[in-house]
Amino acid sequence: MGITVFPAAASGGSSYSTQPPATASSVLQDGQLVSSSLHASNIAGTGAPWLLYANGSSGATFTIGANTYSVPAGATVGTNALTGSQSVIVSANYTNLPPITWTAATMPGSTLNWFSVASGFIGSTNYFVAVVNGSSTGAYSTNNGATWTSSTMPGSNLAWQGVTYGNGYFVAVAGNGTGAYSTDGITWTASTMLSNSTSWRGVGYGNGYFIAVNNGSSTAAAYSTNGSTWTSSTLPSANNWYSVAYGNGIYIAVTSVSSGAYSTNGTTWTAMTFPNSNFRISIVFGKNNFVSLGYTTSVSNYSSNGIYWNTGTLPATGSWYSVTYGSGMFVAVQSAGGTTSLYSYDGITWTSFNLSYGGSAVTYGNGSFVAVNGSGSSNYFAQTALTPVAYGIYNGATTTH
Amino acid sequence: MGQSTFPIPSSGGTSTSTVLPVNASSVLVDGSLTSASSFSTTLSSSGIAYLQTQTNPAKIAIGSSTYYTMPGVVYATGVIGSSQSTTISALTPLPSPSSFVTVDTSAFVINTYALTGNSSGTFVASGLSTGYGATNNFQYSTNNGLTWTTGTFPNSNSWNSSAHSGTYFFIVAGGGNTATNYYVYSTNGTSFGLLTLPTSAQWYVTAGNGNVIFYASVGTTTGYYSSTTSVTSVTFPQVFNSIYYGNSLFMAFSYNSSTSGNLTVYTSPTGATWTAKGVAPFSISPNGVAGNPYCAYGNGVWCISSGVTSATSANNGTTWTVSKSNALTASGGGIAFINNFFYILSPSQFPIYYCNDGLNWVSTNIQASTSSITCVYAANNTIVTLAYSPSTTGGQTIAIPSTGSVLPVNYGIYAGPTTIY
């Protein structure tokens, strides 16, 4: 029989690899995604960095707490030092086929104005959550947007305009000056948004903070770690702010004029200027670039640092209302029934496709793009999981200096 | 205890590797091919297995799946079931430096833009005159590119793209900046008949399995396809920048308008209808021409190269795996697959690279004497290369061994983690 070069973990049993990477001290967990596209668990860290390994049809994506690590097939990636129980999701990668043909899905209620959608894992289940501008009816889907179940938002028919996910919380904001959060995507609890605005429009998440911005011609913004308790902050100009995104260590907020704002901590903001004076409703970060599309234009902007921007040309003029990133591509949709939609593999070069009813919002999660619209329906485009994948999570070297 | 990494023999029952690949849980089988060229056994597993060979490359067939390994590289399989017939086989030898023969091309009366060949060792080179103008001359060789003869087309033109369908040689005019509708065809590569396409463009041609496709890499989505010598019009879903043939399919690469985004991939069995696949991980310049990115099919994968990187697709372009950065230390000038191996030849006298998986390239000690290779074509166990101006900078031919096996092959097949989700 073979020699086990590295000692098996104390709790290893027979299911553990016998050969961790060099410099690893023990096996924390390993396995294979064969019939399932993901595995979720909690793993206790001891203060050392972890080593993540994947091999198979593709690599894997490891989500550890609020951090995501992409591990190519055959590669080993190190994490930062991890202590205590960590939520770990190992996901297979997905194909990145052009999202040409979407499937329509029925939303709850009668022709509601579905206005925002978000996606995130609760345990091992990915939830899509959608909210309505002007109704207490919400919805969630646990099968990648194929079918939806109604939920109830707090308040009476509030103007829910933004929803996002981060670190185990769905957080929604409403134009009536209130907000809500949910830890299961189904049941919502009202939060007391700050009185510095009654027109909360957009909410984003990154690096531990939810950020809310207003479109009430004011400088009001707010930040929160859980969507329940908020702290006020001030944007650099009194404008209609619509969206905020995080990437490369910086938060970027966009507004209805050529100016925007950036923040390195989510609490203090500095003005920046786009190269063209367009109305921007949505911004996203992916493939090392922030990407935002000009509303009712054929102009896009992209930037790796969020401060100095490049300008691109879209294949069509549209009421670009939402842009998202996932599975290696950007997808943009337009409101008011504009059916010409766009996808891009780099955020610079875009290709158009047709999407019934367009979309007030589009998001990505667990291999699926989901777009909701103001005509009471939604569409989804599901990629295929690249399984099988074998993975290993290993404790790093135990001697630290 | 104390065994070597890949012990001998393979079937002894005690020859278990001592050092497993990362994440492997146990040894399924290992050993060494030293005198036999193959070893067969039966394996059972419930999930992914890892494959590794050392010293020399090999082919490992497990059930209905076949994997090609380069020495020292760990490969992951799909899910292995119970009682899988498994065979580890050594591969044919690589060519020796002495087999790379520089041939006399001083009598060429053309500058070469296109090269094609058939399974009988007839190669046809075409292009422009040595003065960069239209010409009715071409060059052909009936002995694997060793000697060349000047032939005459029935029309003077810029003959910038060629292909062999398995039945016919096709050479189309219209490359460069001139739109025409002429093409020529031949069954023997020495005498050609003249035909016309319904419309003029800067045409390119590709062919395989009795089918031929004419396409223009700029300006139009109109193309033509045929399994005879008369063509049928087809509207491509996008302007196709280049089309290749392999695995009973045509594979087209397309960029959008004048952008530099990554290439969208389409496939078609005959050229009549096209299916959108995935996106290749490379982009090309708007001025890219047919043959770029360089592409070949073999060992179950499509392999494309661009610059110093390559990528493969095992599912006809739906998904792609990219090689490590700088897998090639010099930009390739052409890619060919023949007798188990992909070869990449640089246009600037760098060594030839080879591999059998399209990703893990190894530099050979074979180096072209031609400093500006523009055409590479593999047929009849031979790779023929020609410089842009053969009359001054020459060409070479290299015979690829089709028999024999390279030993030893030290191999190991390992079970992946035992927990399956």
# chains A, B, ... in the order shown; residues from 1 in each chain; ligands from 1
>>> interface_residues(of="chain A", to="chain B", cutoff="9 Å", atoms="only C-alpha atoms", output="NGL selection string")
:A and (1-5 or 14-22 or 30-39 or 53-58 or 73-74 or 95-98 or 344-346 or 348-351 or 387-392)
>>> write_last_selection(atoms="N, CA and C atoms", output="tab-separated table (two decimals), in the first residue's frame")
chain	number	residue	atom	x	y	z
A	1	MET	N	0.83	-1.19	0.00
A	1	MET	CA	0.00	0.00	0.00
A	1	MET	C	0.87	1.24	0.00
A	2	GLY	N	0.26	2.35	-0.32
A	2	GLY	CA	1.02	3.57	-0.48
A	2	GLY	C	1.39	4.20	0.85
A	3	ILE	N	2.38	5.01	0.77
A	3	ILE	CA	2.80	5.73	1.96
A	3	ILE	C	2.07	7.05	2.02
A	4	THR	N	1.52	7.38	3.14
A	4	THR	CA	0.88	8.68	3.30
A	4	THR	C	1.96	9.67	3.70
A	5	VAL	N	2.30	10.52	2.80
A	5	VAL	CA	3.41	11.44	3.04
A	5	VAL	C	3.06	12.45	4.11
A	14	SER	N	-11.62	7.87	6.10
A	14	SER	CA	-11.18	7.33	4.83
A	14	SER	C	-11.54	8.22	3.65
A	15	SER	N	-12.28	9.27	3.90
A	15	SER	CA	-12.74	10.08	2.79
A	15	SER	C	-11.77	11.18	2.42
A	16	TYR	N	-10.69	11.26	3.12
A	16	TYR	CA	-9.76	12.34	2.87
A	16	TYR	C	-8.65	11.91	1.92
A	17	SER	N	-8.14	12.88	1.20
A	17	SER	CA	-7.00	12.65	0.33
A	17	SER	C	-5.80	12.20	1.16
A	18	THR	N	-4.95	11.43	0.54
A	18	THR	CA	-3.73	11.05	1.22
A	18	THR	C	-2.60	11.99	0.87
A	19	GLN	N	-2.81	12.85	-0.13
A	19	GLN	CA	-1.71	13.69	-0.60
A	19	GLN	C	-2.13	15.15	-0.72
A	20	PRO	N	-2.02	15.93	0.35
A	20	PRO	CA	-2.27	17.36	0.23
A	20	PRO	C	-1.14	18.04	-0.54
A	21	PRO	N	-1.32	19.28	-0.91
A	21	PRO	CA	-0.23	19.99	-1.57
A	21	PRO	C	0.96	20.15	-0.63
A	22	ALA	N	2.10	20.35	-1.20
A	22	ALA	CA	3.28	20.66	-0.39
A	22	ALA	C	2.98	21.91	0.41
A	30	ASP	N	-12.28	17.41	1.54
A	30	ASP	CA	-12.15	17.20	0.10
A	30	ASP	C	-13.33	16.37	-0.38
A	31	GLY	N	-13.49	16.35	-1.69
A	31	GLY	CA	-14.61	15.62	-2.25
A	31	GLY	C	-14.72	15.84	-3.74
A	32	GLN	N	-15.77	15.31	-4.29
A	32	GLN	CA	-16.01	15.44	-5.72
A	32	GLN	C	-17.44	15.91	-5.97
A	33	LEU	N	-17.59	16.90	-6.85
A	33	LEU	CA	-18.91	17.30	-7.34
A	33	LEU	C	-19.19	16.48	-8.58
A	34	VAL	N	-20.10	15.53	-8.45
A	34	VAL	CA	-20.40	14.64	-9.57
A	34	VAL	C	-21.85	14.84	-10.02
A	35	SER	N	-22.80	14.59	-9.14
A	35	SER	CA	-24.20	14.82	-9.48
A	35	SER	C	-24.69	16.17	-8.99
A	36	SER	N	-23.98	16.76	-8.05
A	36	SER	CA	-24.32	18.08	-7.55
A	36	SER	C	-23.31	19.09	-8.10
A	37	SER	N	-23.77	20.32	-8.30
A	37	SER	CA	-22.87	21.35	-8.81
A	37	SER	C	-22.21	22.14	-7.69
A	38	LEU	N	-22.59	21.86	-6.44
A	38	LEU	CA	-21.95	22.58	-5.34
A	38	LEU	C	-22.05	21.76	-4.06
A	39	HIS	N	-21.19	22.13	-3.12
A	39	HIS	CA	-21.26	21.54	-1.78
A	39	HIS	C	-21.04	22.66	-0.77
A	53	TYR	N	-7.66	23.56	-3.79
A	53	TYR	CA	-7.25	22.83	-5.00
A	53	TYR	C	-8.48	22.34	-5.72
A	54	ALA	N	-8.42	22.35	-7.05
A	54	ALA	CA	-9.53	21.81	-7.85
A	54	ALA	C	-8.97	21.19	-9.11
A	55	ASN	N	-9.66	20.19	-9.61
A	55	ASN	CA	-9.29	19.57	-10.87
A	55	ASN	C	-10.51	18.83	-11.42
A	56	GLY	N	-10.54	18.68	-12.73
A	56	GLY	CA	-11.66	17.99	-13.35
A	56	GLY	C	-12.07	18.66	-14.64
A	57	SER	N	-13.37	18.66	-14.93
A	57	SER	CA	-13.86	19.26	-16.17
A	57	SER	C	-13.51	20.72	-16.25
A	58	SER	N	-13.45	21.36	-15.10
A	58	SER	CA	-13.06	22.76	-15.03
A	58	SER	C	-12.46	22.95	-13.65
A	73	ALA	N	-8.50	24.55	-13.00
A	73	ALA	CA	-8.25	23.11	-12.91
A	73	ALA	C	-6.76	22.84	-12.78
A	74	GLY	N	-6.42	22.03	-11.78
A	74	GLY	CA	-5.03	21.66	-11.56
A	74	GLY	C	-4.23	22.66	-10.77
A	95	THR	N	-20.62	26.82	-18.01
A	95	THR	CA	-20.35	27.26	-19.37
A	95	THR	C	-20.64	28.76	-19.49
A	96	ASN	N	-20.08	29.35	-20.51
A	96	ASN	CA	-20.37	30.78	-20.74
A	96	ASN	C	-20.88	30.96	-22.16
A	97	LEU	N	-21.89	30.17	-22.50
A	97	LEU	CA	-22.48	30.27	-23.83
A	97	LEU	C	-23.20	31.62	-23.98
A	98	PRO	N	-23.23	32.14	-25.18
A	98	PRO	CA	-23.95	33.41	-25.38
A	98	PRO	C	-25.40	33.28	-24.92
A	344	SER	N	-21.64	40.76	-23.09
A	344	SER	CA	-20.25	41.07	-23.41
A	344	SER	C	-19.36	40.15	-22.58
A	345	TYR	N	-18.28	39.72	-23.17
A	345	TYR	CA	-17.34	38.88	-22.44
A	345	TYR	C	-16.24	39.69	-21.77
A	346	ASP	N	-16.15	40.96	-22.09
A	346	ASP	CA	-15.09	41.76	-21.48
A	346	ASP	C	-15.59	43.10	-20.94
A	348	ILE	N	-16.43	45.50	-22.71
A	348	ILE	CA	-16.00	46.52	-23.68
A	348	ILE	C	-16.73	46.32	-25.01
A	349	THR	N	-16.71	45.10	-25.48
A	349	THR	CA	-17.34	44.76	-26.75
A	349	THR	C	-18.66	44.05	-26.46
A	350	TRP	N	-19.73	44.56	-27.01
A	350	TRP	CA	-21.06	44.06	-26.68
A	350	TRP	C	-21.75	43.49	-27.91
A	351	THR	N	-22.58	42.48	-27.68
A	351	THR	CA	-23.38	41.87	-28.73
A	351	THR	C	-24.85	41.91	-28.30
A	387	THR	N	-19.18	19.79	-14.49
A	387	THR	CA	-18.80	18.72	-13.58
A	387	THR	C	-18.33	17.51	-14.39
A	388	PRO	N	-17.58	16.59	-13.82
A	388	PRO	CA	-17.21	16.50	-12.40
A	388	PRO	C	-16.02	17.37	-12.06
A	389	VAL	N	-15.97	17.72	-10.78
A	389	VAL	CA	-14.85	18.48	-10.24
A	389	VAL	C	-14.43	17.83	-8.93
A	390	ALA	N	-13.14	17.61	-8.80
A	390	ALA	CA	-12.61	17.18	-7.51
A	390	ALA	C	-11.97	18.37	-6.82
A	391	TYR	N	-12.13	18.45	-5.52
A	391	TYR	CA	-11.56	19.61	-4.83
A	391	TYR	C	-10.95	19.19	-3.50
A	392	GLY	N	-10.09	20.02	-3.00
A	392	GLY	CA	-9.50	19.82	-1.69
A	392	GLY	C	-9.30	21.15	-1.00
>>> residues_around(residues="Thr268 (chain A)", least_positions_apart="2", cutoff="12 Å", atoms="only C-alpha atoms", output="list in words")
Ile211, Thr219, Ala220, Ala221, Ala222, Tyr223, Thr231, Ser232, Ser233, Thr234, Leu235, Pro236, Ile250, Tyr251, Ile252, Ala253, Ala261, Tyr262, Ser263, Thr264, Asn265, Gly266, Thr270 and Ala271 of chain A
>>> write_last_selection(atoms="C-alpha atoms", output="PDB file, in the first residue's frame")
ATOM      1  CA  ILE A 211     -24.210  50.733   0.795  1.00  0.00           C
ATOM      2  CA  THR A 219     -26.136  63.768  -0.794  1.00  0.00           C
ATOM      3  CA  ALA A 220     -27.628  61.103   1.442  1.00  0.00           C
ATOM      4  CA  ALA A 221     -26.038  57.664   1.613  1.00  0.00           C
ATOM      5  CA  ALA A 222     -25.841  55.023   4.297  1.00  0.00           C
ATOM      6  CA  TYR A 223     -23.856  51.951   5.167  1.00  0.00           C
ATOM      7  CA  THR A 231     -25.041  54.703   9.563  1.00  0.00           C
ATOM      8  CA  SER A 232     -25.288  57.846   7.495  1.00  0.00           C
ATOM      9  CA  SER A 233     -22.661  59.019   5.071  1.00  0.00           C
ATOM     10  CA  THR A 234     -22.483  61.857   2.606  1.00  0.00           C
ATOM     11  CA  LEU A 235     -22.069  61.737  -1.128  1.00  0.00           C
ATOM     12  CA  PRO A 236     -20.076  64.544  -2.733  1.00  0.00           C
ATOM     13  CA  ILE A 250     -13.192  50.542  -4.005  1.00  0.00           C
ATOM     14  CA  TYR A 251     -16.909  51.405  -3.999  1.00  0.00           C
ATOM     15  CA  ILE A 252     -18.290  53.309  -6.986  1.00  0.00           C
ATOM     16  CA  ALA A 253     -21.635  55.106  -7.078  1.00  0.00           C
ATOM     17  CA  ALA A 261     -18.306  59.072  -6.477  1.00  0.00           C
ATOM     18  CA  TYR A 262     -15.807  56.609  -5.085  1.00  0.00           C
ATOM     19  CA  SER A 263     -15.023  55.398  -1.612  1.00  0.00           C
ATOM     20  CA  THR A 264     -12.285  53.143  -0.322  1.00  0.00           C
ATOM     21  CA  ASN A 265     -14.037  52.447   2.981  1.00  0.00           C
ATOM     22  CA  GLY A 266     -17.752  52.739   2.221  1.00  0.00           C
ATOM     23  CA  THR A 270     -14.962  61.521  -3.152  1.00  0.00           C
ATOM     24  CA  ALA A 271     -16.231  62.920  -6.432  1.00  0.00           C
TER      25      ALA A 271
END
>>> closest_residue(among="A:Leu112, A:Ala75, A:Ile393, A:Ala172", to="Leu28 (chain A)", atoms="only C-alpha atoms")
A:Ile393
>>> residues_around(residues="Gly338 (chain A)", least_positions_apart="4", cutoff="8 Å", atoms="only C-alpha atoms", output="CSV table (one decimal) with C-alpha atoms, in the first residue's frame")
chain,number,residue,atom,x,y,z
A,318,GLY,CA,-31.3,51.7,-25.3
A,319,SER,CA,-32.8,52.6,-21.9
A,333,VAL,CA,-31.1,45.0,-20.1
A,334,GLN,CA,-33.2,48.0,-20.8
A,357,TYR,CA,-40.2,42.6,-22.2
A,358,GLY,CA,-36.6,43.7,-21.6
A,359,GLY,CA,-35.8,44.0,-17.9
>>> residues_around(residues="Tyr353 (chain B)", least_positions_apart="5", cutoff="6 Å", atoms="only C-alpha atoms", output="PDB file with N, CA and C atoms, in the first residue's frame")
ATOM      1  N   TYR B 343       1.781  19.838 -33.455  1.00  0.00           N
ATOM      2  CA  TYR B 343       3.061  20.522 -33.652  1.00  0.00           C
ATOM      3  C   TYR B 343       2.785  22.002 -33.899  1.00  0.00           C
ATOM      4  N   ILE B 344       3.585  22.842 -33.307  1.00  0.00           N
ATOM      5  CA  ILE B 344       3.537  24.266 -33.604  1.00  0.00           C
ATOM      6  C   ILE B 344       4.895  24.694 -34.124  1.00  0.00           C
ATOM      7  N   TRP B 361       3.049  22.100 -23.844  1.00  0.00           N
ATOM      8  CA  TRP B 361       3.970  22.046 -24.966  1.00  0.00           C
ATOM      9  C   TRP B 361       5.395  21.813 -24.510  1.00  0.00           C
ATOM     10  N   VAL B 362       6.115  21.075 -25.339  1.00  0.00           N
ATOM     11  CA  VAL B 362       7.525  20.799 -25.090  1.00  0.00           C
ATOM     12  C   VAL B 362       8.307  21.233 -26.319  1.00  0.00           C
ATOM     13  N   SER B 363       9.389  21.915 -26.072  1.00  0.00           N
ATOM     14  CA  SER B 363      10.232  22.360 -27.174  1.00  0.00           C
ATOM     15  C   SER B 363      11.115  21.207 -27.656  1.00  0.00           C
ATOM     16  N   THR B 364      11.188  21.035 -28.949  1.00  0.00           N
ATOM     17  CA  THR B 364      12.065  20.006 -29.513  1.00  0.00           C
ATOM     18  C   THR B 364      13.414  20.626 -29.859  1.00  0.00           C
TER      19      THR B 364
END
>>> select_by_dssp(residues="region 238-279 of chain A", states="strand (DSSP E or B)", output="PyMOL selection string")
chain A and resi 238-239+241-247+250-255+259-263+268+270-273
>>> write_last_selection(atoms="C-alpha atoms", output="compact mmCIF listing (two decimals), in the first residue's frame")
# COMPACT_ATOMS: atom_id res chain seq x y z
CA ALA A 238 -26.76 66.48 -4.24
CA ASN A 239 -27.93 64.36 -7.14
CA TRP A 241 -27.86 58.46 -7.18
CA TYR A 242 -28.92 55.10 -8.54
CA SER A 243 -26.45 52.31 -8.01
CA VAL A 244 -23.31 51.29 -6.20
CA ALA A 245 -20.80 48.52 -6.87
CA TYR A 246 -17.64 47.24 -5.22
CA GLY A 247 -14.45 45.83 -6.72
CA ILE A 250 -13.19 50.54 -4.01
CA TYR A 251 -16.91 51.40 -4.00
CA ILE A 252 -18.29 53.31 -6.99
CA ALA A 253 -21.63 55.11 -7.08
CA VAL A 254 -23.28 56.44 -10.23
CA THR A 255 -25.79 59.17 -10.72
CA SER A 259 -20.12 62.97 -11.97
CA GLY A 260 -19.90 59.90 -9.78
CA ALA A 261 -18.31 59.07 -6.48
CA TYR A 262 -15.81 56.61 -5.08
CA SER A 263 -15.02 55.40 -1.61
CA THR A 268 -16.46 58.63 3.06
CA THR A 270 -14.96 61.52 -3.15
CA ALA A 271 -16.23 62.92 -6.43
CA MET A 272 -14.99 61.59 -9.76
CA THR A 273 -16.03 62.44 -13.30
>>> closest_residue(among="B:Val103, B:Leu359, B:Leu197, B:Val409", to="Ser323 (chain B)", atoms="only C-alpha atoms")
B:Leu359
>>> residues_around(residues="region 41-45 of chain A", least_positions_apart="2", cutoff="6 Å", atoms="only C-alpha atoms", output="short mmCIF file (atom, residue, chain, number, x, y, z; two decimals) with C-alpha atoms, in the first residue's frame")
data_model
loop_
_atom_site.label_atom_id
_atom_site.label_comp_id
_atom_site.auth_asym_id
_atom_site.auth_seq_id
_atom_site.Cartn_x
_atom_site.Cartn_y
_atom_site.Cartn_z
CA GLY A 47 -5.55 30.92 11.95
CA LEU A 82 -8.85 32.04 8.55
CA THR A 83 -9.97 31.60 12.12
CA GLY A 84 -13.18 30.17 13.51
CA SER A 85 -16.11 28.59 11.70
CA GLN A 86 -16.29 29.60 8.06
CA SER A 87 -19.18 29.14 5.67
CA VAL A 88 -17.70 27.37 2.67
#
>>> residues_around(residues="region 289-293 of chain A", least_positions_apart="3", cutoff="7 Å", atoms="only C-alpha atoms", output="ChimeraX atom specification")
/A:280,282-286,299-304,306,320,347
>>> write_last_selection(atoms="N, CA and C atoms", output="short mmCIF file (atom, residue, chain, number, x, y, z; two decimals), in the first residue's frame")
data_model
loop_
_atom_site.label_atom_id
_atom_site.label_comp_id
_atom_site.auth_asym_id
_atom_site.auth_seq_id
_atom_site.Cartn_x
_atom_site.Cartn_y
_atom_site.Cartn_z
N ARG A 280 -26.56 57.43 -15.64
CA ARG A 280 -26.18 56.04 -15.39
C ARG A 280 -27.02 55.48 -14.26
N SER A 282 -27.08 51.94 -13.53
CA SER A 282 -26.58 50.69 -12.98
C SER A 282 -25.07 50.60 -13.19
N ILE A 283 -24.40 49.95 -12.27
CA ILE A 283 -22.96 49.71 -12.39
C ILE A 283 -22.67 48.35 -11.81
N VAL A 284 -21.66 47.68 -12.37
CA VAL A 284 -21.28 46.36 -11.89
C VAL A 284 -19.78 46.21 -12.01
N PHE A 285 -19.23 45.29 -11.25
CA PHE A 285 -17.80 44.98 -11.35
C PHE A 285 -17.64 43.53 -11.77
N GLY A 286 -16.76 43.30 -12.76
CA GLY A 286 -16.45 41.95 -13.20
C GLY A 286 -15.24 41.96 -14.10
N VAL A 299 -23.61 54.50 -25.35
CA VAL A 299 -22.29 54.74 -24.76
C VAL A 299 -22.13 53.89 -23.50
N SER A 300 -20.98 53.27 -23.37
CA SER A 300 -20.65 52.56 -22.14
C SER A 300 -19.37 53.13 -21.58
N ASN A 301 -19.15 52.85 -20.31
CA ASN A 301 -17.89 53.24 -19.67
C ASN A 301 -17.35 52.04 -18.90
N TYR A 302 -16.04 51.92 -18.90
CA TYR A 302 -15.40 50.85 -18.13
C TYR A 302 -14.11 51.37 -17.53
N SER A 303 -13.79 50.82 -16.38
CA SER A 303 -12.61 51.28 -15.66
C SER A 303 -12.17 50.21 -14.69
N SER A 304 -10.88 49.99 -14.59
CA SER A 304 -10.39 49.01 -13.62
C SER A 304 -10.27 49.60 -12.23
N GLY A 306 -12.15 52.54 -11.26
CA GLY A 306 -13.37 53.27 -10.93
C GLY A 306 -13.19 54.76 -10.87
N TRP A 320 -30.83 51.64 -20.92
CA TRP A 320 -30.08 50.63 -20.16
C TRP A 320 -30.32 50.83 -18.67
N GLY A 347 -16.88 43.40 -21.11
CA GLY A 347 -17.40 44.69 -20.68
C GLY A 347 -17.06 45.82 -21.61
#
